[in-house]
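Notes follow the structure.
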Amino acid sequence: MGTLLRLATAGSVDDGKSTLVGRLLYDSKSVLADQFDAVERVSRDRGLEQADLALLTDGLRSEREQGITIDVAYRYFATAERSFILADCPGHVQYTRNTVTGASTADVVVLLVDVRKGLQEQTRRHLAVASLLRVPHVVVVVNKIDLVDFDGATYDRVSAEVNASATALGLSDVITIPVSALAGDNVVNRSERTPWYDGPSFLEVLETLSPAGEPQSEPLRFPVQLVIRPQQAAGERFRDYRGYAGQIASGLVRVGDPVTVLPSGRTSTVAGIDTADGELQEAYSPQSVTLRLTDDVDVSRGDQIVTSRSVPAVTQDVEGTVAWLSDRELRAGTKVLLKHGTSTVQAMVKQVGGRLDLDAAELQPADTLGLNDIGHVTLRLAAPIAAEEYLHSRATGAFLLIDAHDGATLAAGMVGDALLATAAV
Amino acid sequence: MTTVEQRRLTHLQWLESESIHIIREVVAEFERPVLLFSGGKDSVVMLHLAVKAFWPMPVPFPVLHVDTGHNFPEVLAFRDATVERLGLRLEVASVQDYLDDGRLRERADGTRNPLQTQPLLDAIEGHKFDAVFGGGRRDEEKARAKERIFSLRDEFGQWDPRNQRPELWNLYNGRHTPGQHVRVFPISNWTELDVWQYIGAEKIELPSLYYAHDREVFERDGMLLSVGEFAQPKDGETVSTRTVRYRTVGDMSCTGAVDSPAVTVQDVIAEVAATRVTERGATRADDRISEAAMEDRKKEGYF
């Protein structure tokens with residue numbers, strides 16, 4: 001059985017993203033006959049000669065009516081090598097928040113560029129999002145290569161443009177591929193019409209990239225979700241059972257490991273690693289397990305159990321980078337809720353430190369942030385959290401800002417100055 | 001020298017871990033969760049994951065069955081046996097009760113699937129459930145592909161697909177105001193094949209009709225319907241005994257069987273892996289009504 005890879009696709013309007021996804025699903029035989037029949041029928045009704053594969057992914061009525069993708073759609077396909085979860089993110093400017101959403105869980109961001117148009121403002125924005133969210137891999141599909149008669153020089157020019165922009169945004173190892181999503185060149189099978197390109201097809205690339213996270217080289221971080229305490233409910237054997245349930249956010253844990261509970265700072269030792277399938281000697285991210293400790297220390301939801309060999313600092317003052325996802329404005333003095341791991345605390349915005357100008361790839365002075373802005377904020381929290389730089393820990397450096405009144409998700413946050421890290425490289 | 005061991009979960013282990021994390025988050029953050037349990041394979045897998053999430057504690061919430069009154073008897077028996085075995089509290093919201101006292105009326109086409117919405121919403125309101133686990137999967141249908149894992153519903157149980165909360169990392173936002181509730185889909189990221197592979201790997205028991213058996217059926221709109229109380233052949237529809245199995249179980253009057261020789265889990269996995277037609281396309285008459293049938297039902301508060 002193979003591993004799993006999570007992708008997020010993004011692109012500008014009309015650069016053929018839905019067509020690429022449709023093509024990938026169709027050519028990897030993940031589209032079933034009745035789905036394809038429906039697409040053919042609708043395409044015919046619209047007077048199209050060929051089946052419009054974009055119709056496979058546009059699920060909502062208003063999307064089909066307007067011929068655009070509005071919301072993130074999740075697609076699933078598998079090859080003999082591995083399984084894929086694909087978050088198909090809309091390209092319109094007003095839907096950039098969806099790209100942030102898709103990228104937050106992705107191992108790979110796939111960007112589309114129309115070879116005739118080259119690098120667009122929206123492409124730069126998506127590259128910046130991929131960099132900011134520390135997505136491990138970026139693949140740029142240079143699409144519609146058939147419309148420039150499979151001209152290698154045109155592709156080389158666009159590819160160089162993409163690479164220059166990516167480098168300026170701190171992204172290394174961006175992979176570019178010349179593709180015709182419509183005709184299928186280099187999507188699943190290598191094309192004979194691009195003899196000047198000797199690299200792998202898009203699907204071949206996806207099959208060989210490594211998923212995020214190397215448990216053996218990362219420190220243990222275990223946000224406690226809840227305390228498992230059956231008392232009388234599970235019989236005599238478990239009367240005194242007390243375990244801490246959670247999903248390992250990073251690293252690995254072994255029975256006997258010295259651990260520290262945060263924010264209290266109390267130390268203990270791992271007495272057992274339990275699952276419903278039996279006890280384990282070792283567990284690693286992203287496994288869901290229940291830990292028992294040798295000491296009766298006070299541990300509850302919102303706490304983190306971390307390796308005592310590397311203990312992050314706890315703080316009530318957080319400097320962070322936020323992608324603002326709401327049409328309400330963010331300004332100094334705003335009170336919000338901050339959700340980090342399994343802990344939710346009140347937070348006050350002390351200062352808005354600037355807004356990222358994507359063209360200049362630098363921070364511009366600003367007092368407020370609006371929808372789709374990416375900026376720098378200083379927050380004061382009502383209780384301490386173990387905040388780690390997102391740059392070093394994608395799993396424990398992320399947070400949400402939430403409207404305390406109506407519960408709306410306002411921002412995707414990353415601890416630390418992700419912007420400077422982006423621009424400085 | 002020892003080689004560095006690669007530590008990577010298989011895709012099934014990954015999916016299981018994600019689902020357990022989601023189920024635990026709900027129990028930690030909500031007051032009164034409930035799990036929708038029909039005895040169908042997706043709800044059976046979801047309940048199995050809940051059992052694993054809290055071991056050795058019993059599952060800390062009740063289950064709710066929205067009963068169309070058009071059930072396969074073996075599925076009802078399976079439901080009751082499962083609830084008994086796990087010591088769960090079962091709540092039933094009965095469509096039949098609503099038909100009997102006139103709150104709902106039978107549809108012209110006889111299907112009761114769309115009629116489930118009101119009893120479901122009333123049960124949520126009556127019991128003050130604030131989180132409702134559903135076994136919906138994003139691979140099932142185009143509108144479901146756009147659903148969040150935590151999906152907020154307003155006072156009327158409505159889903160607003162254009163105004164969904166962004167869902168970032170694995171930080172789920174379940175905040176809601178009184179009257180609102182959250183639908184939670186812990187197996188959103190599973191495919192039909194994943195579900196079957198997991199049933200095989202975990203040796204999970206299912207109602208017998210998921211496996212090949214001989215049954216009296218007749219063909220309607222390209223589907224094989226079981227002859228019985230809830231579906232009778234009309235003129236020109238001939239009855240025959242065929243070896244079939246069900247890919248989904250629902251309202252007997254509109255859930256079709258498929259010809260299949262698959263007797264074991266491994267047979268079914270091989271069959272699902274090779275199939276050329278989606279689960280719903282093969283077996284659900286009500287989803288063929290229009291391109292947006294599911295989207296419209298979901299907006300009104302359906303599963």
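Labels for the structure tokens follow display order: chains A, B, ..., residues from 1 in each chain, ligands from 1.
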
When DSSP is applied to the backbone of this structure, which of stretch 65-118 of chain B are assigned helix (DSSP H, G or I)? Write them out as a list of chain:residue names.
B:Pro73, B:Glu74, B:Val75, B:Leu76, B:Ala77, B:Phe78, B:Arg79, B:Asp80, B:Ala81, B:Thr82, B:Val83, B:Glu84, B:Arg85, B:Leu86, B:Val95, B:Gln96, B:Asp97, B:Tyr98, B:Leu99, B:Asp100, B:Asn113, B:Pro114, B:Leu115, B:Gln116, B:Thr117, B:Gln118

Write the residues of the preceding selection, restricted to C-alpha atoms, as a tab-separated table (two decimals), in the first residue's frame.
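Here's the written file again38.tsv:
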chain	number	residue	atom	x	y	z
B	73	PRO	CA	-34.74	-5.49	7.47
B	74	GLU	CA	-31.19	-6.89	7.73
B	75	VAL	CA	-29.81	-3.36	8.04
B	76	LEU	CA	-32.18	-2.49	10.87
B	77	ALA	CA	-31.22	-5.71	12.66
B	78	PHE	CA	-27.55	-4.86	12.17
B	79	ARG	CA	-28.13	-1.34	13.53
B	80	ASP	CA	-29.75	-2.67	16.68
B	81	ALA	CA	-27.12	-5.35	17.26
B	82	THR	CA	-24.30	-2.79	16.88
B	83	VAL	CA	-25.88	-0.33	19.28
B	84	GLU	CA	-26.41	-3.15	21.78
B	85	ARG	CA	-22.84	-4.46	21.45
B	86	LEU	CA	-21.29	-1.03	22.03
B	95	VAL	CA	-40.15	9.78	8.69
B	96	GLN	CA	-43.14	7.43	9.08
B	97	ASP	CA	-44.31	9.33	12.19
B	98	TYR	CA	-44.26	12.55	10.17
B	99	LEU	CA	-46.29	10.94	7.38
B	100	ASP	CA	-48.77	9.43	9.83
B	113	ASN	CA	-34.78	10.31	0.92
B	114	PRO	CA	-35.63	14.03	0.60
B	115	LEU	CA	-38.20	13.64	3.38
B	116	GLN	CA	-35.48	12.91	5.91
B	117	THR	CA	-34.42	16.56	6.22
B	118	GLN	CA	-37.23	17.79	8.49

I'd like to know which residues of stretch 83-299 of chain B are strand (DSSP E or B) (by DSSP, run on the backbone); could you write them as a CSV table (one decimal) with N, CA and C atoms, in the first residue's frame?
chain,number,residue,atom,x,y,z
B,90,LEU,N,-29.4,4.9,21.3
B,90,LEU,CA,-29.9,5.2,19.9
B,90,LEU,C,-31.1,6.1,19.9
B,91,GLU,N,-31.1,7.1,19.2
B,91,GLU,CA,-32.2,8.0,19.0
B,91,GLU,C,-32.7,7.7,17.6
B,92,VAL,N,-34.0,7.7,17.4
B,92,VAL,CA,-34.6,7.5,16.0
B,92,VAL,C,-35.5,8.6,15.7
B,93,ALA,N,-35.2,9.2,14.5
B,93,ALA,CA,-36.1,10.2,14.0
B,93,ALA,C,-36.9,9.6,12.8
B,94,SER,N,-38.2,9.4,13.0
B,94,SER,CA,-38.9,8.6,12.1
B,94,SER,C,-39.7,9.4,11.0
B,131,ALA,N,-23.2,19.3,17.5
B,131,ALA,CA,-22.3,18.8,16.5
B,131,ALA,C,-22.9,17.5,16.0
B,132,VAL,N,-23.0,17.3,14.7
B,132,VAL,CA,-23.6,16.1,14.1
B,132,VAL,C,-22.6,15.5,13.2
B,133,PHE,N,-22.1,14.3,13.6
B,133,PHE,CA,-21.2,13.6,12.7
B,133,PHE,C,-22.0,12.9,11.5
B,150,PHE,N,-15.6,20.6,9.0
B,150,PHE,CA,-16.6,21.3,10.0
B,150,PHE,C,-17.4,22.2,9.2
B,151,SER,N,-18.7,21.9,9.1
B,151,SER,CA,-19.6,22.7,8.2
B,151,SER,C,-20.7,23.3,9.0
B,152,LEU,N,-20.7,24.6,9.0
B,152,LEU,CA,-21.6,25.4,9.9
B,152,LEU,C,-23.0,25.4,9.3
B,153,ARG,N,-24.0,25.2,10.1
B,153,ARG,CA,-25.4,25.3,9.6
B,153,ARG,C,-26.1,26.3,10.4
B,168,LEU,N,-8.2,25.7,7.6
B,168,LEU,CA,-6.7,25.8,7.5
B,168,LEU,C,-6.0,24.8,8.4
B,171,LEU,N,-6.5,22.9,12.0
B,171,LEU,CA,-7.1,23.7,13.1
B,171,LEU,C,-8.6,24.0,12.7
B,181,HIS,N,-25.7,24.8,14.4
B,181,HIS,CA,-25.0,23.6,14.7
B,181,HIS,C,-23.9,23.4,13.7
B,182,VAL,N,-23.1,22.4,13.9
B,182,VAL,CA,-22.0,22.1,13.0
B,182,VAL,C,-22.1,20.7,12.5
B,183,ARG,N,-22.1,20.5,11.2
B,183,ARG,CA,-22.0,19.1,10.7
B,183,ARG,C,-20.6,18.8,10.5
B,184,VAL,N,-20.2,17.6,11.0
B,184,VAL,CA,-18.8,17.2,10.9
B,184,VAL,C,-18.6,15.9,10.1
B,213,HIS,N,-25.5,-12.0,-3.0
B,213,HIS,CA,-26.6,-12.9,-2.6
B,213,HIS,C,-27.6,-13.0,-3.7
B,214,ASP,N,-28.5,-14.1,-3.6
B,214,ASP,CA,-29.6,-14.2,-4.6
B,214,ASP,C,-30.8,-13.4,-4.1
B,215,ARG,N,-31.4,-12.6,-5.0
B,215,ARG,CA,-32.5,-11.7,-4.7
B,215,ARG,C,-33.4,-11.6,-5.8
B,216,GLU,N,-34.7,-11.5,-5.5
B,216,GLU,CA,-35.7,-11.2,-6.6
B,216,GLU,C,-35.7,-9.7,-6.9
B,217,VAL,N,-35.4,-9.4,-8.1
B,217,VAL,CA,-35.3,-8.0,-8.5
B,217,VAL,C,-36.0,-7.7,-9.8
B,218,PHE,N,-36.3,-6.4,-10.0
B,218,PHE,CA,-36.7,-6.0,-11.4
B,218,PHE,C,-36.0,-4.8,-11.8
B,219,GLU,N,-36.0,-4.5,-13.1
B,219,GLU,CA,-35.2,-3.4,-13.5
B,219,GLU,C,-36.1,-2.2,-13.8
B,220,ARG,N,-35.6,-1.0,-13.2
B,220,ARG,CA,-36.3,0.3,-13.5
B,220,ARG,C,-35.3,1.3,-13.6
B,223,MET,N,-31.8,0.4,-13.0
B,223,MET,CA,-31.4,0.0,-11.7
B,223,MET,C,-32.2,-1.3,-11.3
B,224,LEU,N,-31.5,-2.1,-10.5
B,224,LEU,CA,-32.1,-3.3,-10.0
B,224,LEU,C,-32.8,-3.1,-8.6
B,225,LEU,N,-34.1,-3.0,-8.6
B,225,LEU,CA,-34.8,-2.8,-7.3
B,225,LEU,C,-35.3,-4.1,-6.8
B,226,SER,N,-35.2,-4.2,-5.5
B,226,SER,CA,-35.6,-5.4,-4.8
B,226,SER,C,-37.2,-5.5,-4.7
B,228,GLY,N,-40.5,-6.2,-3.0
B,228,GLY,CA,-40.9,-6.2,-1.6
B,228,GLY,C,-42.0,-5.2,-1.3
B,231,ALA,N,-41.3,-1.7,-3.0
B,231,ALA,CA,-41.1,-1.6,-4.5
B,231,ALA,C,-41.7,-2.8,-5.2
B,239,VAL,N,-39.7,-9.7,-13.2
B,239,VAL,CA,-39.0,-10.1,-12.0
B,239,VAL,C,-38.1,-11.3,-12.3
B,240,SER,N,-36.9,-11.2,-11.8
B,240,SER,CA,-36.0,-12.4,-12.0
B,240,SER,C,-35.1,-12.5,-10.7
B,241,THR,N,-34.6,-13.7,-10.5
B,241,THR,CA,-33.7,-13.9,-9.4
B,241,THR,C,-32.3,-13.7,-9.9
B,242,ARG,N,-31.5,-12.8,-9.3
B,242,ARG,CA,-30.2,-12.5,-9.8
B,242,ARG,C,-29.2,-12.5,-8.6
B,243,THR,N,-27.9,-12.7,-8.9
B,243,THR,CA,-26.9,-12.6,-7.8
B,243,THR,C,-26.4,-11.2,-7.8
B,244,VAL,N,-26.8,-10.5,-6.7
B,244,VAL,CA,-26.5,-9.1,-6.6
B,244,VAL,C,-25.9,-8.7,-5.2
B,245,ARG,N,-25.4,-7.5,-5.2
B,245,ARG,CA,-25.1,-6.9,-3.9
B,245,ARG,C,-25.4,-5.4,-3.9
B,246,TYR,N,-25.4,-4.8,-2.8
B,246,TYR,CA,-25.6,-3.4,-2.7
B,246,TYR,C,-24.3,-2.6,-2.5
B,255,THR,N,-33.1,2.5,-3.8
B,255,THR,CA,-31.7,2.1,-3.8
B,255,THR,C,-31.6,0.8,-4.6
B,257,ALA,N,-29.6,-2.5,-6.5
B,257,ALA,CA,-28.6,-3.4,-6.3
B,257,ALA,C,-27.7,-3.5,-7.6
B,258,VAL,N,-26.6,-4.1,-7.5
B,258,VAL,CA,-25.8,-4.3,-8.7
B,258,VAL,C,-25.5,-5.8,-8.9
B,259,ASP,N,-25.4,-6.2,-10.1
B,259,ASP,CA,-25.0,-7.6,-10.4
B,259,ASP,C,-23.6,-7.8,-9.9
B,284,ARG,N,-28.4,5.2,-6.9
B,284,ARG,CA,-29.4,6.2,-6.3
B,284,ARG,C,-30.2,6.9,-7.4

Kindly determine which residues of chain B lie within 7 Å of chain A, considering only C-alpha atoms, and give the answer as a PyMOL selection string.
chain B and resi 7+9-11+17+20-21+24-25+28+52+54-58+138-139+142-143+145-146+165-169+171+175-177+276-278+281+292

Only N, CA and C atoms, please: the residues just picked out, written as a short mmCIF file (atom, residue, chain, number, x, y, z; two decimals), in the first residue's frame.
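The resulting file, part29.cif, is reproduced below:
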data_model
loop_
_atom_site.label_atom_id
_atom_site.label_comp_id
_atom_site.auth_asym_id
_atom_site.auth_seq_id
_atom_site.Cartn_x
_atom_site.Cartn_y
_atom_site.Cartn_z
N ARG B 7 10.02 6.47 8.23
CA ARG B 7 8.78 6.40 8.98
C ARG B 7 7.71 7.15 8.23
N LEU B 9 3.41 6.82 7.25
CA LEU B 9 2.17 6.07 7.35
C LEU B 9 1.70 5.69 5.95
N THR B 10 1.04 4.53 5.85
CA THR B 10 0.38 4.20 4.59
C THR B 10 -0.83 5.14 4.46
N HIS B 11 -1.41 5.19 3.27
CA HIS B 11 -2.52 6.15 3.10
C HIS B 11 -3.70 5.81 4.00
N SER B 17 -5.85 8.19 11.11
CA SER B 17 -5.36 9.13 12.11
C SER B 17 -6.04 10.48 12.00
N ILE B 20 -9.63 10.17 13.40
CA ILE B 20 -9.64 10.08 14.87
C ILE B 20 -9.38 11.47 15.47
N HIS B 21 -8.45 12.20 14.88
CA HIS B 21 -8.19 13.57 15.34
C HIS B 21 -9.45 14.43 15.27
N ARG B 24 -12.07 13.39 17.94
CA ARG B 24 -11.66 13.84 19.28
C ARG B 24 -11.84 15.35 19.44
N GLU B 25 -11.53 16.12 18.39
CA GLU B 25 -11.71 17.57 18.47
C GLU B 25 -13.16 17.92 18.80
N ALA B 28 -14.02 17.24 22.37
CA ALA B 28 -13.36 18.19 23.26
C ALA B 28 -14.03 19.57 23.21
N LYS B 52 -12.33 3.59 18.29
CA LYS B 52 -10.87 3.61 18.42
C LYS B 52 -10.37 4.92 19.03
N PHE B 54 -11.53 6.78 21.38
CA PHE B 54 -11.68 7.01 22.82
C PHE B 54 -11.29 5.81 23.66
N TRP B 55 -10.83 4.75 23.01
CA TRP B 55 -10.43 3.55 23.76
C TRP B 55 -9.50 3.94 24.91
N PRO B 56 -9.63 3.39 26.10
CA PRO B 56 -10.60 2.36 26.50
C PRO B 56 -11.95 2.89 26.99
N MET B 57 -12.20 4.18 26.79
CA MET B 57 -13.48 4.74 27.20
C MET B 57 -14.57 4.31 26.20
N PRO B 58 -15.81 4.16 26.66
CA PRO B 58 -16.89 3.94 25.68
C PRO B 58 -17.09 5.21 24.83
N ARG B 138 -16.25 13.30 0.28
CA ARG B 138 -16.18 14.28 -0.80
C ARG B 138 -16.12 13.62 -2.18
N ASP B 139 -15.74 12.36 -2.25
CA ASP B 139 -15.65 11.74 -3.57
C ASP B 139 -17.01 11.28 -4.06
N LYS B 142 -20.45 15.94 -6.60
CA LYS B 142 -19.78 17.21 -6.86
C LYS B 142 -20.02 18.28 -5.80
N ALA B 143 -21.24 18.34 -5.26
CA ALA B 143 -21.50 19.36 -4.23
C ALA B 143 -20.77 18.98 -2.94
N ALA B 145 -17.99 17.58 -2.75
CA ALA B 145 -16.56 17.83 -2.93
C ALA B 145 -16.18 19.20 -2.39
N LYS B 146 -17.17 20.06 -2.19
CA LYS B 146 -16.89 21.43 -1.74
C LYS B 146 -17.21 21.63 -0.27
N ARG B 165 -16.53 28.80 5.93
CA ARG B 165 -15.30 29.21 6.60
C ARG B 165 -14.11 28.54 5.93
N PRO B 166 -13.04 29.30 5.72
CA PRO B 166 -11.84 28.63 5.24
C PRO B 166 -11.35 27.63 6.29
N GLU B 167 -10.86 26.48 5.84
CA GLU B 167 -10.42 25.46 6.78
C GLU B 167 -8.92 25.27 6.62
N LEU B 168 -8.16 25.69 7.64
CA LEU B 168 -6.71 25.79 7.51
C LEU B 168 -5.98 24.77 8.38
N TRP B 169 -4.88 24.24 7.84
CA TRP B 169 -4.10 23.22 8.55
C TRP B 169 -5.05 22.18 9.12
N LEU B 171 -6.52 22.90 12.02
CA LEU B 171 -7.12 23.73 13.08
C LEU B 171 -8.59 23.96 12.74
N ARG B 175 -16.71 27.11 16.32
CA ARG B 175 -17.49 28.13 17.05
C ARG B 175 -18.83 28.33 16.36
N HIS B 176 -19.86 28.43 17.16
CA HIS B 176 -21.19 28.66 16.61
C HIS B 176 -22.01 29.40 17.65
N THR B 177 -23.08 30.04 17.21
CA THR B 177 -23.95 30.78 18.12
C THR B 177 -25.15 29.89 18.45
N ARG B 276 -16.40 1.07 -13.22
CA ARG B 276 -16.40 2.21 -14.15
C ARG B 276 -17.57 3.16 -13.88
N VAL B 277 -18.35 2.89 -12.85
CA VAL B 277 -19.49 3.75 -12.55
C VAL B 277 -19.45 4.14 -11.08
N THR B 278 -19.80 5.40 -10.75
CA THR B 278 -19.74 5.83 -9.36
C THR B 278 -20.83 5.14 -8.54
N GLY B 281 -24.15 6.94 -8.94
CA GLY B 281 -24.67 6.75 -10.29
C GLY B 281 -25.29 5.38 -10.45
N ALA B 292 -27.92 19.25 -10.01
CA ALA B 292 -27.69 19.88 -8.71
C ALA B 292 -28.58 19.30 -7.61
#

For B:Gly39, which residue out of B:Ile23, B:Leu12, B:Leu209, B:Leu104 is the nearest one, using only C-alpha atoms?
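Residue with the minimum atom-to-atom distance to B:Gly39: B:Leu209.
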
Close residues, A:Ser172 itself excluded, 10 Å, only C-alpha atoms, min 5 positions apart in chain, as an mmCIF file with N, CA and C atoms, in the first residue's frame:
data_model
loop_
_atom_site.group_PDB
_atom_site.id
_atom_site.type_symbol
_atom_site.label_atom_id
_atom_site.label_comp_id
_atom_site.auth_asym_id
_atom_site.auth_seq_id
_atom_site.Cartn_x
_atom_site.Cartn_y
_atom_site.Cartn_z
ATOM 1 N N SER A 131 5.330 30.141 -0.621
ATOM 2 C CA SER A 131 6.542 30.408 0.138
ATOM 3 C C SER A 131 6.223 30.681 1.599
ATOM 4 N N PRO A 136 6.277 22.331 0.938
ATOM 5 C CA PRO A 136 7.569 21.722 0.617
ATOM 6 C C PRO A 136 7.950 21.741 -0.874
ATOM 7 N N HIS A 137 6.965 21.604 -1.759
ATOM 8 C CA HIS A 137 7.287 21.553 -3.188
ATOM 9 C C HIS A 137 6.367 22.471 -3.994
ATOM 10 N N VAL A 138 6.929 23.071 -5.050
ATOM 11 C CA VAL A 138 6.120 23.855 -5.978
ATOM 12 C C VAL A 138 6.368 23.345 -7.397
ATOM 13 N N ASN A 163 11.071 31.109 -12.561
ATOM 14 C CA ASN A 163 12.156 30.786 -11.640
ATOM 15 C C ASN A 163 12.755 32.021 -10.976
ATOM 16 N N ALA A 166 10.261 33.144 -8.363
ATOM 17 C CA ALA A 166 10.238 32.197 -7.244
ATOM 18 C C ALA A 166 11.460 32.391 -6.356
ATOM 19 N N THR A 167 12.604 32.550 -6.966
ATOM 20 C CA THR A 167 13.840 32.750 -6.203
ATOM 21 C C THR A 167 13.751 34.015 -5.361
ATOM 22 N N VAL A 425 15.708 35.766 1.440
ATOM 23 C CA VAL A 425 16.461 34.674 0.814
ATOM 24 C C VAL A 425 16.908 35.042 -0.601
#

Which neighbours of A:Phe202 fall inside 8 Å, counting only C-alpha atoms, when residues of the same chain fewer than 5 positions from it are skipped, and could you give them as a CSV table (one decimal) with C-alpha atoms, in the first residue's frame?
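The new file around-v5.csv reads:
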chain,number,residue,atom,x,y,z
A,141,VAL,CA,2.7,23.8,-15.1
A,177,ILE,CA,6.8,21.4,-17.0
A,186,ASN,CA,3.0,15.8,-20.6
A,187,VAL,CA,0.1,15.5,-18.2
A,188,VAL,CA,0.2,11.7,-17.6

Nearest to B:Val66: which of B:Gly87, B:Tyr302, B:Asn189, B:Thr275 is it, counting only C-alpha atoms?
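Going through B:Gly87, B:Tyr302, B:Asn189, B:Thr275 one by one, the smallest distance to B:Val66 is for B:Tyr302.
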